[in-house]
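Q: What follows is start32.cif, mmCIF, C-alpha atoms.
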data_coords
loop_
_atom_site.label_atom_id
_atom_site.label_comp_id
_atom_site.auth_asym_id
_atom_site.auth_seq_id
_atom_site.Cartn_x
_atom_site.Cartn_y
_atom_site.Cartn_z
CA MET A 145 -11.41 14.94 -72.44
CA ALA A 146 -10.05 11.43 -72.55
CA HIS A 147 -11.26 8.79 -70.15
CA ASN A 148 -8.54 7.57 -67.72
CA ASP A 149 -8.73 4.09 -66.32
CA TYR A 150 -7.07 4.34 -62.92
CA VAL A 151 -7.94 0.78 -61.85
CA ALA A 152 -6.01 -0.90 -64.65
CA ARG A 153 -3.07 1.45 -64.22
CA GLY A 154 -1.94 -0.22 -60.97
CA ARG A 155 -1.78 -3.70 -62.47
CA SER A 156 1.51 -4.83 -63.86
CA LYS A 157 1.73 -7.33 -66.60
CA LYS A 158 4.79 -9.20 -65.26
CA PRO A 159 5.13 -10.49 -61.72
CA PRO A 160 8.12 -9.12 -59.83
CA PRO A 161 11.21 -11.31 -59.81
CA PRO A 162 11.65 -13.48 -56.72
CA PRO A 163 14.15 -12.19 -54.17
CA PRO A 164 17.59 -13.77 -54.39
CA LYS A 165 18.34 -16.60 -51.99
CA ARG A 166 20.37 -15.57 -49.00
CA THR A 167 23.58 -17.42 -48.36
CA LEU A 168 25.32 -17.79 -45.05
CA PRO A 169 27.71 -14.91 -44.24
CA TRP A 170 30.83 -17.13 -44.05
CA PRO A 171 33.33 -14.30 -43.49
CA ARG A 172 31.42 -13.12 -40.39
CA ILE A 173 31.17 -16.62 -38.98
CA VAL A 174 34.92 -17.24 -39.45
CA ILE A 175 35.90 -13.90 -37.85
CA THR A 176 33.55 -14.44 -34.87
CA LEU A 177 34.85 -17.95 -34.21
CA SER A 178 38.48 -16.84 -34.44
CA LEU A 179 37.88 -13.96 -31.99
CA LEU A 180 36.15 -16.35 -29.60
CA ALA A 181 39.04 -18.80 -29.82
CA ALA A 182 41.58 -15.99 -29.23
CA PHE A 183 39.66 -14.83 -26.13
CA CYS A 184 39.53 -18.37 -24.71
CA TYR A 185 43.31 -18.77 -25.31
CA PHE A 186 43.94 -15.44 -23.53
CA LEU A 187 41.92 -16.53 -20.49
CA TRP A 188 43.71 -19.91 -20.41
CA SER A 189 47.14 -18.24 -20.62
CA ILE A 190 46.55 -15.88 -17.68
CA LYS A 191 45.16 -18.60 -15.45
CA GLY A 192 47.27 -18.90 -12.30
CA THR A 193 49.39 -15.79 -12.86
CA ALA A 194 47.70 -13.69 -10.17
CA PRO A 195 50.08 -12.51 -7.41
CA LYS A 196 49.71 -14.35 -4.12
CA THR A 197 48.76 -12.29 -1.11
CA PRO A 198 50.50 -12.99 2.21
CA GLU A 199 47.24 -14.03 3.92
CA VAL A 200 46.49 -16.62 1.27
CA ALA A 201 50.07 -17.90 0.97
CA ALA A 202 50.64 -18.37 4.72
CA LYS A 203 48.76 -21.41 5.89
CA PRO A 204 48.66 -22.28 9.57
CA THR A 205 50.72 -25.33 10.35
CA ALA A 206 49.16 -26.17 13.67
CA VAL A 207 45.47 -26.12 14.41
CA GLN A 208 44.85 -23.47 17.04
CA LYS A 209 41.98 -23.79 19.44
CA ASP A 210 39.50 -20.99 19.11
CA ALA A 211 39.17 -20.11 22.75
CA LEU A 212 36.56 -17.51 23.54
CA PRO A 213 37.32 -14.95 26.22
CA ASP A 214 35.35 -14.99 29.45
CA MET A 215 32.08 -13.14 29.38
CA PRO A 216 32.45 -9.63 30.83
CA LYS A 217 30.55 -8.67 33.93
CA GLU A 218 27.55 -6.41 33.32
CA GLU A 219 28.25 -2.80 34.24
CA TRP A 220 24.59 -1.87 34.35
CA ASP A 221 21.99 -3.08 36.76
CA PHE A 222 18.93 -1.66 35.00
CA ILE A 223 17.58 -5.12 34.25
CA THR A 224 17.01 -5.75 37.93
CA SER A 225 16.28 -2.20 39.05
CA LEU A 226 13.74 -1.11 36.42
CA PRO A 227 10.83 -3.25 37.63
CA GLU A 228 11.11 -1.52 41.02
CA TYR A 229 10.57 1.98 39.60
CA THR A 230 7.18 3.57 39.16
CA VAL A 231 6.42 6.79 37.36
CA GLU A 232 3.67 9.08 38.58
CA VAL A 233 2.10 11.44 36.08
CA GLU A 234 -0.06 14.34 37.11
CA VAL A 235 -3.09 14.69 34.83
CA GLU A 236 -5.40 17.62 35.21
CA GLU A 237 -9.07 16.73 35.24
CA GLN A 238 -10.86 18.11 32.25
CA ALA A 239 -14.05 19.96 32.85
CA LYS A 240 -17.13 18.14 31.61
CA SER A 241 -18.44 19.77 28.51
CA THR A 242 -22.07 20.84 28.43
CA VAL A 243 -22.10 20.46 24.64
CA ARG A 244 -23.65 17.28 23.39
CA TYR A 245 -23.64 15.96 19.87
CA LEU A 246 -26.26 14.39 17.60
CA MET A 247 -25.65 12.60 14.36
CA GLN A 248 -28.20 12.83 11.57
CA CYS A 249 -27.94 10.13 8.91
CA GLY A 250 -30.92 10.94 6.74
CA SER A 251 -34.11 12.91 6.25
CA PHE A 252 -37.05 11.43 4.35
CA LYS A 253 -40.55 12.49 3.35
CA VAL A 254 -41.82 8.93 3.76
CA ARG A 255 -41.55 7.30 7.19
CA SER A 256 -40.97 3.82 5.72
CA GLN A 257 -37.70 4.99 4.10
CA ALA A 258 -36.55 6.39 7.46
CA GLU A 259 -37.40 3.10 9.17
CA GLU A 260 -35.43 1.21 6.50
CA LEU A 261 -32.32 3.30 7.21
CA LYS A 262 -32.87 2.80 10.95
CA ALA A 263 -32.85 -0.97 10.37
CA LYS A 264 -29.58 -0.80 8.37
CA ILE A 265 -28.01 1.16 11.22
CA ALA A 266 -29.30 -1.38 13.74
CA PHE A 267 -27.48 -4.15 11.84
CA GLN A 268 -24.25 -2.27 12.62
CA GLY A 269 -24.97 -2.45 16.36
CA LEU A 270 -26.04 1.18 16.78
CA GLU A 271 -29.38 2.50 17.96
CA ALA A 272 -31.07 5.13 15.83
CA GLN A 273 -34.29 7.09 16.29
CA VAL A 274 -36.78 8.37 13.73
CA ARG A 275 -38.11 11.80 14.66
CA LYS A 276 -40.65 13.87 12.79
CA SER A 277 -39.52 17.46 12.31
CA GLU A 278 -41.72 20.08 13.92
CA GLY A 279 -43.89 21.97 11.45
CA SER A 280 -43.03 19.77 8.46
CA SER A 281 -43.54 16.27 7.14
CA TRP A 282 -39.85 15.26 7.17
CA HIS A 283 -38.69 12.22 9.14
CA ARG A 284 -35.11 12.46 10.43
CA VAL A 285 -32.93 9.46 11.34
CA ILE A 286 -30.86 10.52 14.37
CA LEU A 287 -28.25 8.84 16.58
CA GLY A 288 -27.23 10.18 19.95
CA PRO A 289 -26.88 12.27 22.04
CA TYR A 290 -23.11 11.74 22.40
CA GLU A 291 -20.98 13.02 25.27
CA SER A 292 -18.08 13.91 22.97
CA LYS A 293 -17.54 14.51 19.30
CA ARG A 294 -14.96 11.71 19.27
CA HIS A 295 -17.61 9.11 20.11
CA ALA A 296 -19.93 10.50 17.43
CA GLU A 297 -17.16 10.43 14.81
CA ALA A 298 -16.27 6.82 15.76
CA ASP A 299 -19.86 5.76 15.12
CA ARG A 300 -19.92 7.74 11.87
CA HIS A 301 -16.83 5.86 10.65
CA THR A 302 -18.49 2.57 11.60
CA LEU A 303 -21.45 3.50 9.41
CA GLN A 304 -19.18 4.60 6.55
CA ARG A 305 -17.50 1.17 6.54
CA ALA A 306 -21.00 -0.30 6.14
CA LYS A 307 -21.59 1.97 3.10
CA ILE A 308 -24.00 4.25 4.98
CA ASN A 309 -22.73 7.66 3.96
CA GLY A 310 -24.04 11.14 4.49
CA CYS A 311 -24.14 11.15 8.29
CA VAL A 312 -23.41 14.56 9.81
CA VAL A 313 -22.48 15.37 13.43
CA TRP A 314 -24.25 18.42 14.95
CA ASN A 315 -23.85 20.34 18.21
CA TRP A 316 -26.84 19.91 20.47
CA ASN A 317 -26.77 22.23 23.46
CA LEU A 318 -28.80 21.32 26.52
#
Rewrite the structure from the file as structure tokens, please.

A:
Amino acid sequence: MAHNDYVARGRSKKPPPPPPKRTLPWPRIVITLSLLAAFCYFLWSIKGTAPKTPEVAAKPTAVQKDALPDMPKEEWDFITSLPEYTVEVEVEEQAKSTVRYLMQCGSFKVRSQAEELKAKIAFQGLEAQVRKSEGSSWHRVILGPYESKRHAEADRHTLQRAKINGCVVWNWNL
């Protein structure tokens, strides 16, 4: 079988001819300029041929005084009578709930880690407690007790804004 030299195959012996020089497209330029001139002549010829409307054509001969009418009398007297009114709303007293709430923010094997979280919570203006779980060696970081879940959730959101996540609100019955 004959040996094929594929590298030399791609080489051409003569360089390609240079591309022809481009000349300006004179016919296009002449047509464009003539169309532009025709458009300008058309606009100049229709200038001032618009029909006059009666409002524009009729100019007032005498300067009229712009007299404003007298201010009308107020038909309503609510501005003066509203401050005299009072509204009484009957609100039923809600029974005090016996359910209290605790919030647990962490549980650690080492007490020093629990104390560190307690200090971070203290920087947010909240008071936390570290309690050791009964029968185990876990140290829980607890806030509360809270009278309502709303107060516990408000404190939880305060801690979330300080990047202390993982706090959970629990029911704590007395």

Q: Please identify all polymer residues within 12 Å of Leu287 (chain A), counting only C-alpha atoms, omitting same-chain residues fewer than 5 positions from it, and present them as a PyMOL selection string.

A: chain A and resi 244-250+261-262+265-266+269-275+295-297+299-300+303+311-314+316

Q: For the structure provided, state which residues fall under the PyMOL selection byres ((chain A and resi 253-260) around 7), and present them as an mmCIF file with C-alpha atoms, keeping the file's coordinate frame.

A:
data_model
loop_
_atom_site.group_PDB
_atom_site.id
_atom_site.type_symbol
_atom_site.label_atom_id
_atom_site.label_comp_id
_atom_site.auth_asym_id
_atom_site.auth_seq_id
_atom_site.Cartn_x
_atom_site.Cartn_y
_atom_site.Cartn_z
ATOM 1 C CA PHE A 252 -37.050 11.430 4.350
ATOM 2 C CA LEU A 261 -32.320 3.300 7.210
ATOM 3 C CA LYS A 262 -32.870 2.800 10.950
ATOM 4 C CA ALA A 263 -32.850 -0.970 10.370
ATOM 5 C CA LYS A 264 -29.580 -0.800 8.370
ATOM 6 C CA VAL A 274 -36.780 8.370 13.730
ATOM 7 C CA SER A 281 -43.540 16.270 7.140
ATOM 8 C CA TRP A 282 -39.850 15.260 7.170
ATOM 9 C CA HIS A 283 -38.690 12.220 9.140
ATOM 10 C CA ARG A 284 -35.110 12.460 10.430
ATOM 11 C CA VAL A 285 -32.930 9.460 11.340
#

Q: What does the distance from CA of Ser292 (chain A) to CA of Asn315 (chain A) come to in Å, to one decimal?

A: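 Atom-to-atom, CA of Ser292 (chain A) and CA of Asn315 (chain A) are spaced 9.9 Å apart.
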
Q: For CA of Pro289 (chain A) and CA of Glu237 (chain A), determine how far apart the two atoms are, in Å to one decimal place.

A: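 For CA of Pro289 (chain A) relative to CA of Glu237 (chain A), the distance reads 22.6 Å.
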
Q: Find the residue from A:Ala194, A:Asp210, A:Gln238, A:Gln268 that sits nearest to His301 (chain A); use all atoms listed in the file when measuring.

A: A:Gln268

Q: What is the distance between CA of Thr302 (chain A) and CA of Phe267 (chain A), in Å to one decimal?

A: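 Computing it gives 11.2 Å between the two atoms.
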
Q: For each of A:Arg305, A:Lys293, A:Arg166, A:Lys158, take the minimum atom-to-atom distance to Val243 (chain A), counting all atoms listed in the file, then give the residue where this is smallest.

A: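 Ranking A:Arg305, A:Lys293, A:Arg166, A:Lys158 by distance to Val243 (chain A), first place goes to A:Lys293.
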
Q: Since the input is missing atoms for region 291-305 of chain A, could you rebuild it with N, CA and C atoms and give the result as a PDB file, in the coordinates of the input?

A:
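Generated output (part-v5.pdb):
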ATOM      1  N   GLU A 291     -21.675  12.179  24.294  1.00  0.00           N
ATOM      2  CA  GLU A 291     -20.980  13.020  25.270  1.00  0.00           C
ATOM      3  C   GLU A 291     -19.848  13.808  24.624  1.00  0.00           C
ATOM      4  N   SER A 292     -19.187  13.217  23.620  1.00  0.00           N
ATOM      5  CA  SER A 292     -18.080  13.910  22.970  1.00  0.00           C
ATOM      6  C   SER A 292     -18.178  13.706  21.455  1.00  0.00           C
ATOM      7  N   LYS A 293     -17.529  14.601  20.760  1.00  0.00           N
ATOM      8  CA  LYS A 293     -17.540  14.510  19.300  1.00  0.00           C
ATOM      9  C   LYS A 293     -16.758  13.287  18.842  1.00  0.00           C
ATOM     10  N   ARG A 294     -15.760  12.884  19.622  1.00  0.00           N
ATOM     11  CA  ARG A 294     -14.960  11.710  19.270  1.00  0.00           C
ATOM     12  C   ARG A 294     -15.815  10.458  19.178  1.00  0.00           C
ATOM     13  N   HIS A 295     -16.734  10.278  20.134  1.00  0.00           N
ATOM     14  CA  HIS A 295     -17.610   9.110  20.110  1.00  0.00           C
ATOM     15  C   HIS A 295     -18.558   9.159  18.895  1.00  0.00           C
ATOM     16  N   ALA A 296     -19.046  10.346  18.580  1.00  0.00           N
ATOM     17  CA  ALA A 296     -19.930  10.500  17.430  1.00  0.00           C
ATOM     18  C   ALA A 296     -19.186  10.196  16.129  1.00  0.00           C
ATOM     19  N   GLU A 297     -17.951  10.680  16.017  1.00  0.00           N
ATOM     20  CA  GLU A 297     -17.160  10.430  14.810  1.00  0.00           C
ATOM     21  C   GLU A 297     -16.812   8.941  14.683  1.00  0.00           C
ATOM     22  N   ALA A 298     -16.566   8.262  15.797  1.00  0.00           N
ATOM     23  CA  ALA A 298     -16.270   6.820  15.760  1.00  0.00           C
ATOM     24  C   ALA A 298     -17.472   6.056  15.199  1.00  0.00           C
ATOM     25  N   ASP A 299     -18.671   6.416  15.641  1.00  0.00           N
ATOM     26  CA  ASP A 299     -19.860   5.760  15.120  1.00  0.00           C
ATOM     27  C   ASP A 299     -20.093   6.099  13.647  1.00  0.00           C
ATOM     28  N   ARG A 300     -19.767   7.328  13.263  1.00  0.00           N
ATOM     29  CA  ARG A 300     -19.920   7.740  11.870  1.00  0.00           C
ATOM     30  C   ARG A 300     -18.992   6.923  10.966  1.00  0.00           C
ATOM     31  N   HIS A 301     -17.767   6.676  11.427  1.00  0.00           N
ATOM     32  CA  HIS A 301     -16.830   5.860  10.650  1.00  0.00           C
ATOM     33  C   HIS A 301     -17.291   4.413  10.569  1.00  0.00           C
ATOM     34  N   THR A 302     -17.923   3.919  11.635  1.00  0.00           N
ATOM     35  CA  THR A 302     -18.490   2.570  11.600  1.00  0.00           C
ATOM     36  C   THR A 302     -19.560   2.471  10.519  1.00  0.00           C
ATOM     37  N   LEU A 303     -20.396   3.487  10.420  1.00  0.00           N
ATOM     38  CA  LEU A 303     -21.450   3.500   9.410  1.00  0.00           C
ATOM     39  C   LEU A 303     -20.870   3.669   8.000  1.00  0.00           C
ATOM     40  N   GLN A 304     -19.794   4.434   7.863  1.00  0.00           N
ATOM     41  CA  GLN A 304     -19.180   4.600   6.550  1.00  0.00           C
ATOM     42  C   GLN A 304     -18.604   3.282   6.049  1.00  0.00           C
ATOM     43  N   ARG A 305     -18.028   2.480   6.949  1.00  0.00           N
ATOM     44  CA  ARG A 305     -17.500   1.170   6.540  1.00  0.00           C
ATOM     45  C   ARG A 305     -18.616   0.256   6.075  1.00  0.00           C
TER      46      ARG A 305
END
